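Asks: For reference, the file entry.cif (mmCIF, N, CA and C atoms) is included below:
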data_structure
loop_
_atom_site.label_atom_id
_atom_site.label_comp_id
_atom_site.auth_asym_id
_atom_site.auth_seq_id
_atom_site.Cartn_x
_atom_site.Cartn_y
_atom_site.Cartn_z
N GLN A 735 96.30 106.90 73.26
CA GLN A 735 95.64 107.69 74.29
C GLN A 735 94.80 106.77 75.16
N VAL A 736 94.99 106.88 76.45
CA VAL A 736 94.27 106.00 77.37
C VAL A 736 92.85 106.50 77.56
N GLN A 737 91.92 105.56 77.65
CA GLN A 737 90.52 105.87 77.93
C GLN A 737 90.02 104.99 79.06
N LEU A 738 89.21 105.59 79.91
CA LEU A 738 88.57 104.87 81.01
C LEU A 738 87.07 104.90 80.78
N VAL A 739 86.43 103.75 80.84
CA VAL A 739 84.99 103.68 80.62
C VAL A 739 84.35 102.95 81.79
N GLU A 740 83.49 103.67 82.51
CA GLU A 740 82.81 103.08 83.65
C GLU A 740 81.48 102.45 83.23
N SER A 741 81.07 101.47 83.98
CA SER A 741 79.76 100.85 83.77
C SER A 741 79.32 100.22 85.09
N GLY A 742 78.04 99.85 85.15
CA GLY A 742 77.54 99.14 86.31
C GLY A 742 76.70 99.97 87.26
N GLY A 743 76.58 101.26 87.00
CA GLY A 743 75.76 102.09 87.86
C GLY A 743 74.29 101.77 87.70
N GLY A 744 73.49 102.33 88.58
CA GLY A 744 72.06 102.09 88.52
C GLY A 744 71.37 102.56 89.77
N SER A 745 70.11 102.13 89.91
CA SER A 745 69.30 102.50 91.06
C SER A 745 69.02 101.27 91.91
N VAL A 746 69.26 101.39 93.20
CA VAL A 746 69.01 100.29 94.13
C VAL A 746 68.41 100.84 95.41
N GLN A 747 67.83 99.96 96.17
CA GLN A 747 67.31 100.35 97.47
C GLN A 747 68.44 100.24 98.50
N ALA A 748 68.24 100.97 99.58
CA ALA A 748 69.21 100.92 100.67
C ALA A 748 69.41 99.48 101.12
N GLY A 749 70.68 99.14 101.36
CA GLY A 749 71.02 97.78 101.73
C GLY A 749 71.41 96.91 100.56
N GLY A 750 71.17 97.38 99.36
CA GLY A 750 71.49 96.62 98.17
C GLY A 750 72.95 96.73 97.78
N SER A 751 73.27 96.11 96.65
CA SER A 751 74.65 96.06 96.17
C SER A 751 74.73 96.42 94.69
N LEU A 752 75.87 96.94 94.30
CA LEU A 752 76.19 97.18 92.90
C LEU A 752 77.67 96.92 92.72
N ARG A 753 78.04 96.55 91.50
CA ARG A 753 79.45 96.43 91.16
C ARG A 753 79.74 97.31 89.96
N LEU A 754 80.63 98.26 90.16
CA LEU A 754 81.06 99.14 89.09
C LEU A 754 82.30 98.56 88.43
N SER A 755 82.39 98.79 87.13
CA SER A 755 83.57 98.36 86.38
C SER A 755 84.18 99.55 85.67
N CYS A 756 85.49 99.54 85.57
CA CYS A 756 86.22 100.57 84.84
C CYS A 756 87.14 99.86 83.85
N SER A 757 86.81 99.96 82.59
CA SER A 757 87.61 99.32 81.55
C SER A 757 88.64 100.30 81.01
N VAL A 758 89.89 99.87 80.99
CA VAL A 758 91.00 100.71 80.55
C VAL A 758 91.42 100.29 79.15
N SER A 759 91.46 101.25 78.24
CA SER A 759 91.94 100.97 76.89
C SER A 759 93.05 101.94 76.53
N GLY A 760 93.89 101.52 75.62
CA GLY A 760 95.02 102.35 75.25
C GLY A 760 96.19 102.10 76.18
N TYR A 761 97.30 102.77 75.89
CA TYR A 761 98.50 102.56 76.70
C TYR A 761 98.39 103.27 78.03
N ILE A 762 98.69 102.55 79.10
CA ILE A 762 98.74 103.15 80.42
C ILE A 762 99.92 102.56 81.15
N TYR A 763 100.56 103.35 81.98
CA TYR A 763 101.73 102.88 82.71
C TYR A 763 101.38 101.68 83.58
N SER A 764 102.29 100.74 83.66
CA SER A 764 102.07 99.60 84.54
C SER A 764 102.23 100.01 86.00
N ASN A 765 103.04 101.02 86.24
CA ASN A 765 103.22 101.55 87.59
C ASN A 765 102.21 102.67 87.79
N LYS A 766 101.07 102.33 88.34
CA LYS A 766 99.99 103.30 88.40
C LYS A 766 99.09 103.07 89.59
N CYS A 767 98.24 104.04 89.82
CA CYS A 767 97.21 103.95 90.83
C CYS A 767 95.87 104.16 90.13
N MET A 768 94.92 103.28 90.41
CA MET A 768 93.56 103.42 89.90
C MET A 768 92.65 103.76 91.08
N ALA A 769 91.70 104.63 90.83
CA ALA A 769 90.84 105.07 91.93
C ALA A 769 89.40 105.25 91.47
N TRP A 770 88.53 105.20 92.44
CA TRP A 770 87.13 105.57 92.25
C TRP A 770 86.85 106.81 93.09
N PHE A 771 86.29 107.80 92.42
CA PHE A 771 85.84 109.02 93.09
C PHE A 771 84.33 109.10 92.93
N ARG A 772 83.72 109.92 93.74
CA ARG A 772 82.30 110.19 93.56
C ARG A 772 82.02 111.66 93.85
N GLN A 773 80.96 112.14 93.22
CA GLN A 773 80.57 113.52 93.42
C GLN A 773 79.06 113.62 93.43
N ALA A 774 78.54 114.10 94.54
CA ALA A 774 77.11 114.33 94.68
C ALA A 774 76.83 115.80 94.37
N PRO A 775 75.62 116.13 93.96
CA PRO A 775 75.30 117.52 93.64
C PRO A 775 75.62 118.47 94.80
N GLY A 776 76.34 119.53 94.49
CA GLY A 776 76.67 120.52 95.49
C GLY A 776 77.82 120.15 96.40
N LYS A 777 78.45 119.00 96.16
CA LYS A 777 79.55 118.55 97.01
C LYS A 777 80.82 118.40 96.20
N GLU A 778 81.94 118.40 96.91
CA GLU A 778 83.22 118.20 96.25
C GLU A 778 83.42 116.74 95.85
N ARG A 779 84.27 116.55 94.87
CA ARG A 779 84.59 115.19 94.45
C ARG A 779 85.39 114.50 95.56
N GLU A 780 84.99 113.30 95.89
CA GLU A 780 85.55 112.58 97.03
C GLU A 780 86.19 111.28 96.55
N ARG A 781 87.40 111.02 96.99
CA ARG A 781 88.03 109.74 96.68
C ARG A 781 87.42 108.64 97.56
N VAL A 782 86.86 107.65 96.93
CA VAL A 782 86.17 106.57 97.63
C VAL A 782 87.13 105.41 97.91
N ALA A 783 87.86 105.01 96.89
CA ALA A 783 88.77 103.87 97.02
C ALA A 783 89.84 103.97 95.96
N SER A 784 91.00 103.42 96.26
CA SER A 784 92.09 103.42 95.27
C SER A 784 92.94 102.18 95.47
N ILE A 785 93.65 101.82 94.42
CA ILE A 785 94.48 100.61 94.46
C ILE A 785 95.73 100.85 93.64
N ARG A 786 96.86 100.46 94.20
CA ARG A 786 98.13 100.60 93.50
C ARG A 786 98.37 99.32 92.70
N SER A 787 98.54 99.46 91.42
CA SER A 787 98.62 98.30 90.55
C SER A 787 99.80 97.40 90.86
N ARG A 788 100.93 97.99 91.23
CA ARG A 788 102.15 97.22 91.39
C ARG A 788 102.10 96.26 92.57
N ASP A 789 101.53 96.71 93.69
CA ASP A 789 101.54 95.84 94.87
C ASP A 789 100.15 95.51 95.39
N GLY A 790 99.11 96.06 94.75
CA GLY A 790 97.76 95.75 95.16
C GLY A 790 97.29 96.43 96.43
N SER A 791 98.04 97.37 96.96
CA SER A 791 97.63 98.08 98.17
C SER A 791 96.32 98.82 97.92
N GLU A 792 95.42 98.73 98.88
CA GLU A 792 94.10 99.33 98.75
C GLU A 792 93.90 100.42 99.81
N TYR A 793 93.16 101.43 99.44
CA TYR A 793 92.89 102.54 100.34
C TYR A 793 91.41 102.90 100.22
N TYR A 794 90.80 103.21 101.36
CA TYR A 794 89.37 103.51 101.37
C TYR A 794 89.07 104.74 102.19
N ALA A 795 88.03 105.46 101.77
CA ALA A 795 87.50 106.53 102.60
C ALA A 795 86.82 105.90 103.81
N ASP A 796 86.87 106.61 104.93
CA ASP A 796 86.25 106.09 106.15
C ASP A 796 84.78 105.78 105.95
N SER A 797 84.12 106.56 105.12
CA SER A 797 82.67 106.42 104.93
C SER A 797 82.28 105.11 104.22
N VAL A 798 83.24 104.44 103.59
CA VAL A 798 82.90 103.23 102.85
C VAL A 798 83.65 102.00 103.34
N LYS A 799 84.54 102.17 104.31
CA LYS A 799 85.30 101.03 104.82
C LYS A 799 84.37 99.94 105.33
N GLY A 800 84.67 98.71 104.95
CA GLY A 800 83.85 97.58 105.37
C GLY A 800 82.65 97.33 104.48
N ARG A 801 82.36 98.26 103.57
CA ARG A 801 81.21 98.10 102.66
C ARG A 801 81.64 98.01 101.20
N PHE A 802 82.67 98.75 100.83
CA PHE A 802 83.14 98.79 99.45
C PHE A 802 84.48 98.05 99.34
N THR A 803 84.68 97.42 98.19
CA THR A 803 85.94 96.75 97.91
C THR A 803 86.39 97.07 96.50
N ILE A 804 87.62 97.54 96.38
CA ILE A 804 88.19 97.80 95.07
C ILE A 804 89.08 96.62 94.69
N SER A 805 89.07 96.27 93.41
CA SER A 805 89.90 95.17 92.95
C SER A 805 90.32 95.44 91.50
N GLN A 806 91.32 94.70 91.06
CA GLN A 806 91.80 94.89 89.70
C GLN A 806 92.03 93.55 89.02
N ASP A 807 91.76 93.51 87.75
CA ASP A 807 92.04 92.34 86.93
C ASP A 807 92.98 92.83 85.83
N ASN A 808 94.26 92.63 86.05
CA ASN A 808 95.25 93.17 85.11
C ASN A 808 95.14 92.51 83.73
N ALA A 809 94.73 91.26 83.70
CA ALA A 809 94.60 90.57 82.42
C ALA A 809 93.50 91.21 81.56
N LYS A 810 92.46 91.71 82.23
CA LYS A 810 91.35 92.33 81.53
C LYS A 810 91.44 93.85 81.50
N ASN A 811 92.49 94.40 82.10
CA ASN A 811 92.63 95.86 82.18
C ASN A 811 91.37 96.50 82.74
N THR A 812 90.89 95.95 83.82
CA THR A 812 89.64 96.41 84.41
C THR A 812 89.80 96.55 85.92
N VAL A 813 89.20 97.59 86.45
CA VAL A 813 89.16 97.83 87.88
C VAL A 813 87.69 97.80 88.30
N TYR A 814 87.45 97.21 89.45
CA TYR A 814 86.09 97.06 89.93
C TYR A 814 85.89 97.77 91.27
N LEU A 815 84.65 98.12 91.54
CA LEU A 815 84.28 98.62 92.86
C LEU A 815 83.01 97.86 93.27
N GLN A 816 83.17 96.94 94.19
CA GLN A 816 82.03 96.22 94.74
C GLN A 816 81.46 97.03 95.89
N MET A 817 80.19 97.38 95.78
CA MET A 817 79.55 98.22 96.78
C MET A 817 78.42 97.45 97.43
N ASN A 818 78.56 97.19 98.72
CA ASN A 818 77.55 96.47 99.48
C ASN A 818 76.96 97.38 100.55
N SER A 819 75.82 96.95 101.08
CA SER A 819 75.15 97.71 102.15
C SER A 819 75.03 99.19 101.78
N LEU A 820 74.57 99.44 100.59
CA LEU A 820 74.49 100.82 100.10
C LEU A 820 73.52 101.65 100.91
N LYS A 821 73.86 102.92 101.04
CA LYS A 821 73.07 103.88 101.80
C LYS A 821 72.65 105.01 100.88
N PRO A 822 71.59 105.72 101.22
CA PRO A 822 71.17 106.87 100.39
C PRO A 822 72.30 107.89 100.21
N GLU A 823 73.14 108.04 101.22
CA GLU A 823 74.24 109.01 101.12
C GLU A 823 75.35 108.56 100.16
N ASP A 824 75.26 107.35 99.64
CA ASP A 824 76.20 106.89 98.62
C ASP A 824 75.78 107.36 97.22
N THR A 825 74.61 107.95 97.11
CA THR A 825 74.12 108.44 95.83
C THR A 825 75.05 109.51 95.28
N ALA A 826 75.53 109.28 94.07
CA ALA A 826 76.49 110.21 93.45
C ALA A 826 76.83 109.73 92.04
N LEU A 827 77.54 110.58 91.34
CA LEU A 827 78.15 110.18 90.07
C LEU A 827 79.53 109.63 90.40
N TYR A 828 79.78 108.40 90.01
CA TYR A 828 81.03 107.72 90.33
C TYR A 828 81.96 107.75 89.12
N TYR A 829 83.21 108.16 89.39
CA TYR A 829 84.21 108.28 88.34
C TYR A 829 85.38 107.34 88.61
N CYS A 830 85.92 106.81 87.53
CA CYS A 830 87.17 106.08 87.59
C CYS A 830 88.28 107.03 87.19
N ALA A 831 89.43 106.90 87.84
CA ALA A 831 90.55 107.79 87.55
C ALA A 831 91.86 107.02 87.64
N ALA A 832 92.88 107.55 86.96
CA ALA A 832 94.18 106.89 86.95
C ALA A 832 95.30 107.91 87.03
N ARG A 833 96.38 107.51 87.69
CA ARG A 833 97.62 108.29 87.67
C ARG A 833 98.76 107.30 87.68
N GLY A 834 99.84 107.64 86.98
CA GLY A 834 100.93 106.70 86.92
C GLY A 834 102.21 107.34 86.44
N THR A 835 103.24 106.52 86.31
CA THR A 835 104.54 106.98 85.90
C THR A 835 105.27 105.88 85.15
N SER A 836 106.17 106.30 84.26
CA SER A 836 106.97 105.33 83.52
C SER A 836 108.17 104.88 84.33
N SER A 837 108.45 105.57 85.43
CA SER A 837 109.59 105.20 86.25
C SER A 837 109.17 104.15 87.28
N TYR A 838 110.11 103.80 88.16
CA TYR A 838 109.81 102.86 89.23
C TYR A 838 109.50 103.58 90.54
N ALA A 839 109.28 104.89 90.44
CA ALA A 839 108.99 105.68 91.64
C ALA A 839 107.68 105.21 92.29
N TYR A 840 107.64 105.41 93.58
CA TYR A 840 106.44 105.08 94.36
C TYR A 840 105.29 105.98 93.92
N VAL A 841 104.14 105.38 93.60
CA VAL A 841 102.98 106.14 93.16
C VAL A 841 101.99 106.22 94.32
N ARG A 842 101.76 107.43 94.79
CA ARG A 842 100.83 107.61 95.89
C ARG A 842 99.39 107.49 95.40
N CYS A 843 98.59 106.81 96.18
CA CYS A 843 97.19 106.61 95.81
C CYS A 843 96.23 107.42 96.67
N THR A 844 96.75 108.05 97.71
CA THR A 844 95.88 108.79 98.62
C THR A 844 95.99 110.29 98.37
N VAL A 845 95.90 110.66 97.12
CA VAL A 845 96.04 112.06 96.75
C VAL A 845 94.71 112.60 96.25
N ALA A 846 94.68 113.91 96.06
CA ALA A 846 93.44 114.57 95.67
C ALA A 846 93.10 114.33 94.20
N ALA A 847 91.87 114.67 93.86
CA ALA A 847 91.40 114.47 92.49
C ALA A 847 92.27 115.19 91.48
N ALA A 848 92.77 116.35 91.84
CA ALA A 848 93.58 117.15 90.92
C ALA A 848 94.87 116.46 90.51
N ASP A 849 95.29 115.47 91.29
CA ASP A 849 96.54 114.76 91.00
C ASP A 849 96.32 113.53 90.13
N PHE A 850 95.09 113.25 89.77
CA PHE A 850 94.79 112.16 88.84
C PHE A 850 94.60 112.78 87.46
N GLY A 851 95.34 112.26 86.48
CA GLY A 851 95.34 112.91 85.18
C GLY A 851 94.37 112.34 84.16
N THR A 852 93.85 111.16 84.42
CA THR A 852 92.97 110.52 83.45
C THR A 852 91.66 110.14 84.14
N TRP A 853 90.56 110.48 83.47
CA TRP A 853 89.25 110.27 84.06
C TRP A 853 88.29 109.63 83.07
N GLY A 854 87.34 108.87 83.62
CA GLY A 854 86.24 108.38 82.82
C GLY A 854 85.10 109.39 82.83
N GLN A 855 84.01 109.02 82.18
CA GLN A 855 82.90 109.94 82.05
C GLN A 855 81.92 109.86 83.22
N GLY A 856 82.04 108.82 84.03
CA GLY A 856 81.19 108.69 85.20
C GLY A 856 80.00 107.78 84.98
N THR A 857 79.55 107.18 86.08
CA THR A 857 78.35 106.35 86.05
C THR A 857 77.53 106.68 87.30
N GLN A 858 76.24 106.85 87.12
CA GLN A 858 75.37 107.31 88.21
C GLN A 858 74.96 106.14 89.10
N VAL A 859 75.05 106.38 90.40
CA VAL A 859 74.56 105.43 91.40
C VAL A 859 73.52 106.16 92.24
N THR A 860 72.33 105.60 92.32
CA THR A 860 71.25 106.20 93.10
C THR A 860 70.72 105.17 94.08
N VAL A 861 70.74 105.54 95.36
CA VAL A 861 70.29 104.62 96.41
C VAL A 861 69.08 105.25 97.09
N SER A 862 67.97 104.55 97.05
CA SER A 862 66.74 105.07 97.64
C SER A 862 66.50 104.43 99.01
N SER A 863 65.84 105.20 99.87
CA SER A 863 65.60 104.71 101.24
C SER A 863 64.32 103.91 101.31
#
Render the structure in this file as structure tokens.
Replies:
Amino acid sequence: QVQLVESGGGSVQAGGSLRLSCSVSGYIYSNKCMAWFRQAPGKERERVASIRSRDGSEYYADSVKGRFTISQDNAKNTVYLQMNSLKPEDTALYYCAARGTSSYAYVRCTVAAADFGTWGQGTQVTVSS
């Protein structure tokens, strides 16, 4: 059974940086998409960034383009989210998620939260002004 464990959250001032990590354990398809979502109180879960493991293609929400970078270390089974120039509106619970297939079919990474089948427990990011 695959498990995703996030770490690296915390409290920072506006303009600061954090790096989130998502450690993957257990069997997971090599043909997969890993993503970071976030959810602030009273708001819907939002896909922040995603990366397709097979070709490394990256996708970002407009609100974080140029500030956040998603990356993967396949040897360590870990996905990262480097967050720079943080803003108070980035405050949220950040989740790691995965979707994949055993086939060679194209795995879309720009899909809604409901299409990701595996989730971590979340890590809180709080940005103060």
Asks: Measuring between only N, CA and C atoms, which one of A:Gln806, A:Thr835, A:Val845, A:Val739 shows the shortest distance to Gly790 in chain A?
Replies: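 Checking each of A:Gln806, A:Thr835, A:Val845, A:Val739 against Gly790 in chain A, counting only N, CA and C atoms, the winner is A:Gln806.
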Asks: Translate the PyMOL selection byres ((chain A and resi 744) around 8) into a concrete residue list for this structure, as a PyMOL selection string.
Replies: chain A and resi 741-743+745-747+752-753+857-861
Asks: What gap, in Å, lies between atom C of Ile785 in chain A and atom C of Phe850 in chain A?
Replies: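 Computed distance, atom C of Ile785 in chain A to atom C of Phe850 in chain A, equals 13.5 Å.
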Asks: What does the distance between atom C of Asp789 in chain A and atom C of Ser805 in chain A come to in Å, to one decimal place?
Replies: 10.6 Å
Asks: Set the distance at 8 Å and use only C-alpha atoms: which residues neighbour Glu740 in chain A once local chain neighbours fewer than 3 positions away are removed? I'd like the list as a PyMOL selection string.
Replies: chain A and resi 754-757+829-830+854-857
Asks: Separation of CA of Ser863 in chain A and CA of Ser784 in chain A, in Å?
Replies: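 Going from CA of Ser863 in chain A over to CA of Ser784 in chain A covers 27.2 Å.
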Asks: Applied to the shown file, which residues does the PyMOL selection byres (((chain A and resi 778 and name CA) around 12) and name CA) return, written as an NGL selection string?
Replies: :A and (771-777 or 779-781 or 826-827 or 846-848)
Asks: Kindly extract all protein, DNA and RNA residues lying within 8 Å of the coordinates (99.2, 100.9, 96.4) given in the file, considering all atoms listed in the file, and supply them as a count of residues only.
Replies: 17
Asks: Restricting the calculation to all atoms listed in the file, which member of A:Val798, A:Gly851, A:Pro822, A:Gln816 is positioned closest to Ser751 in chain A?
Replies: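 Of A:Val798, A:Gly851, A:Pro822, A:Gln816, the one nearest Ser751 in chain A, counting all atoms listed in the file, is A:Gln816.
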Asks: From the set A:Ser837, A:Ala809, A:Val758, A:Ala783, which residue has the shortest atom-to-atom contact distance to Gln737 in chain A, counting all atoms listed in the file?
Replies: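 Nearest to Gln737 in chain A: A:Val758.
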Asks: Could you check which of A:Gln735, A:Asp849, A:Lys810, A:Ser819 is closest to Gly834 in chain A, using only C-alpha atoms?
Replies: A:Asp849
Asks: Pick out the closest residue to Val736 in chain A from this set: A:Ile804, A:Ile762, A:Ala831, A:Ala795. Count all atoms listed in the file.
Replies: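 Nearest to Val736 in chain A: A:Ile762.
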Asks: Which one is closest to Ser759 in chain A: A:Asn808, A:Asp824, A:Leu738, A:Ala839? Count all atoms listed in the file.
Replies: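 Nearest to Ser759 in chain A: A:Leu738.
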Asks: Any chance you could model all heavy atoms for range 829-840 of chain A and send them as a PDB file, in the coordinates of the input?
Replies:
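Contents of rebuild33.pdb, freshly written:
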ATOM      1  N   TYR A 829      83.210 108.160  89.390  1.00  0.00           N
ATOM      2  CA  TYR A 829      84.210 108.280  88.340  1.00  0.00           C
ATOM      3  C   TYR A 829      85.380 107.340  88.610  1.00  0.00           C
ATOM      4  O   TYR A 829      85.797 107.159  89.749  1.00  0.00           O
ATOM      5  CB  TYR A 829      84.779 109.702  88.285  1.00  0.00           C
ATOM      6  CG  TYR A 829      83.801 110.775  87.936  1.00  0.00           C
ATOM      7  CD1 TYR A 829      83.102 111.454  88.932  1.00  0.00           C
ATOM      8  CD2 TYR A 829      83.595 111.159  86.612  1.00  0.00           C
ATOM      9  CE1 TYR A 829      82.213 112.470  88.622  1.00  0.00           C
ATOM     10  CE2 TYR A 829      82.712 112.180  86.292  1.00  0.00           C
ATOM     11  CZ  TYR A 829      82.023 112.823  87.300  1.00  0.00           C
ATOM     12  OH  TYR A 829      81.153 113.826  86.975  1.00  0.00           O
ATOM     13  N   CYS A 830      85.920 106.810  87.530  1.00  0.00           N
ATOM     14  CA  CYS A 830      87.170 106.080  87.590  1.00  0.00           C
ATOM     15  C   CYS A 830      88.280 107.030  87.190  1.00  0.00           C
ATOM     16  O   CYS A 830      88.104 107.870  86.303  1.00  0.00           O
ATOM     17  CB  CYS A 830      87.091 104.900  86.613  1.00  0.00           C
ATOM     18  SG  CYS A 830      88.563 103.884  86.511  1.00  0.00           S
ATOM     19  N   ALA A 831      89.430 106.900  87.840  1.00  0.00           N
ATOM     20  CA  ALA A 831      90.550 107.790  87.550  1.00  0.00           C
ATOM     21  C   ALA A 831      91.860 107.020  87.640  1.00  0.00           C
ATOM     22  O   ALA A 831      91.946 105.990  88.315  1.00  0.00           O
ATOM     23  CB  ALA A 831      90.564 108.970  88.516  1.00  0.00           C
ATOM     24  N   ALA A 832      92.880 107.550  86.960  1.00  0.00           N
ATOM     25  CA  ALA A 832      94.180 106.890  86.950  1.00  0.00           C
ATOM     26  C   ALA A 832      95.300 107.910  87.030  1.00  0.00           C
ATOM     27  O   ALA A 832      95.173 109.044  86.541  1.00  0.00           O
ATOM     28  CB  ALA A 832      94.343 106.055  85.683  1.00  0.00           C
ATOM     29  N   ARG A 833      96.380 107.510  87.690  1.00  0.00           N
ATOM     30  CA  ARG A 833      97.620 108.290  87.670  1.00  0.00           C
ATOM     31  C   ARG A 833      98.760 107.300  87.680  1.00  0.00           C
ATOM     32  O   ARG A 833      98.672 106.236  88.299  1.00  0.00           O
ATOM     33  CB  ARG A 833      97.709 109.250  88.866  1.00  0.00           C
ATOM     34  CG  ARG A 833      97.841 108.586  90.210  1.00  0.00           C
ATOM     35  CD  ARG A 833      97.713 109.600  91.351  1.00  0.00           C
ATOM     36  NE  ARG A 833      98.648 110.679  91.252  1.00  0.00           N
ATOM     37  CZ  ARG A 833      99.796 110.757  91.948  1.00  0.00           C
ATOM     38  NH1 ARG A 833     100.119 109.779  92.779  1.00  0.00           N
ATOM     39  NH2 ARG A 833     100.597 111.794  91.816  1.00  0.00           N
ATOM     40  N   GLY A 834      99.840 107.640  86.980  1.00  0.00           N
ATOM     41  CA  GLY A 834     100.930 106.700  86.920  1.00  0.00           C
ATOM     42  C   GLY A 834     102.210 107.340  86.440  1.00  0.00           C
ATOM     43  O   GLY A 834     102.272 108.545  86.194  1.00  0.00           O
ATOM     44  N   THR A 835     103.240 106.520  86.310  1.00  0.00           N
ATOM     45  CA  THR A 835     104.540 106.980  85.900  1.00  0.00           C
ATOM     46  C   THR A 835     105.270 105.880  85.150  1.00  0.00           C
ATOM     47  O   THR A 835     105.030 104.691  85.387  1.00  0.00           O
ATOM     48  CB  THR A 835     105.377 107.441  87.101  1.00  0.00           C
ATOM     49  OG1 THR A 835     106.682 107.816  86.660  1.00  0.00           O
ATOM     50  CG2 THR A 835     105.520 106.319  88.120  1.00  0.00           C
ATOM     51  N   SER A 836     106.170 106.300  84.260  1.00  0.00           N
ATOM     52  CA  SER A 836     106.970 105.330  83.520  1.00  0.00           C
ATOM     53  C   SER A 836     108.170 104.880  84.330  1.00  0.00           C
ATOM     54  O   SER A 836     108.829 103.908  83.969  1.00  0.00           O
ATOM     55  CB  SER A 836     107.436 105.930  82.192  1.00  0.00           C
ATOM     56  OG  SER A 836     108.210 107.088  82.446  1.00  0.00           O
ATOM     57  N   SER A 837     108.450 105.570  85.430  1.00  0.00           N
ATOM     58  CA  SER A 837     109.590 105.200  86.250  1.00  0.00           C
ATOM     59  C   SER A 837     109.170 104.150  87.280  1.00  0.00           C
ATOM     60  O   SER A 837     108.034 103.700  87.281  1.00  0.00           O
ATOM     61  CB  SER A 837     110.129 106.444  86.963  1.00  0.00           C
ATOM     62  OG  SER A 837     109.236 106.841  87.996  1.00  0.00           O
ATOM     63  N   TYR A 838     110.110 103.800  88.160  1.00  0.00           N
ATOM     64  CA  TYR A 838     109.810 102.860  89.230  1.00  0.00           C
ATOM     65  C   TYR A 838     109.500 103.580  90.540  1.00  0.00           C
ATOM     66  O   TYR A 838     109.460 102.973  91.592  1.00  0.00           O
ATOM     67  CB  TYR A 838     110.977 101.896  89.429  1.00  0.00           C
ATOM     68  CG  TYR A 838     111.069 100.877  88.323  1.00  0.00           C
ATOM     69  CD1 TYR A 838     111.868 101.109  87.204  1.00  0.00           C
ATOM     70  CD2 TYR A 838     110.357  99.682  88.386  1.00  0.00           C
ATOM     71  CE1 TYR A 838     111.934 100.176  86.186  1.00  0.00           C
ATOM     72  CE2 TYR A 838     110.430  98.753  87.373  1.00  0.00           C
ATOM     73  CZ  TYR A 838     111.222  99.007  86.273  1.00  0.00           C
ATOM     74  OH  TYR A 838     111.304  98.089  85.274  1.00  0.00           O
ATOM     75  N   ALA A 839     109.280 104.890  90.440  1.00  0.00           N
ATOM     76  CA  ALA A 839     108.990 105.680  91.640  1.00  0.00           C
ATOM     77  C   ALA A 839     107.680 105.210  92.290  1.00  0.00           C
ATOM     78  O   ALA A 839     106.780 104.705  91.635  1.00  0.00           O
ATOM     79  CB  ALA A 839     108.895 107.147  91.274  1.00  0.00           C
ATOM     80  N   TYR A 840     107.640 105.410  93.580  1.00  0.00           N
ATOM     81  CA  TYR A 840     106.440 105.080  94.360  1.00  0.00           C
ATOM     82  C   TYR A 840     105.290 105.980  93.920  1.00  0.00           C
ATOM     83  O   TYR A 840     105.430 107.198  93.870  1.00  0.00           O
ATOM     84  CB  TYR A 840     106.751 105.275  95.842  1.00  0.00           C
ATOM     85  CG  TYR A 840     105.597 104.966  96.762  1.00  0.00           C
ATOM     86  CD1 TYR A 840     105.297 103.663  97.128  1.00  0.00           C
ATOM     87  CD2 TYR A 840     104.834 105.994  97.305  1.00  0.00           C
ATOM     88  CE1 TYR A 840     104.253 103.380  97.992  1.00  0.00           C
ATOM     89  CE2 TYR A 840     103.792 105.732  98.173  1.00  0.00           C
ATOM     90  CZ  TYR A 840     103.511 104.418  98.519  1.00  0.00           C
ATOM     91  OH  TYR A 840     102.481 104.163  99.374  1.00  0.00           O
TER      92      TYR A 840
END
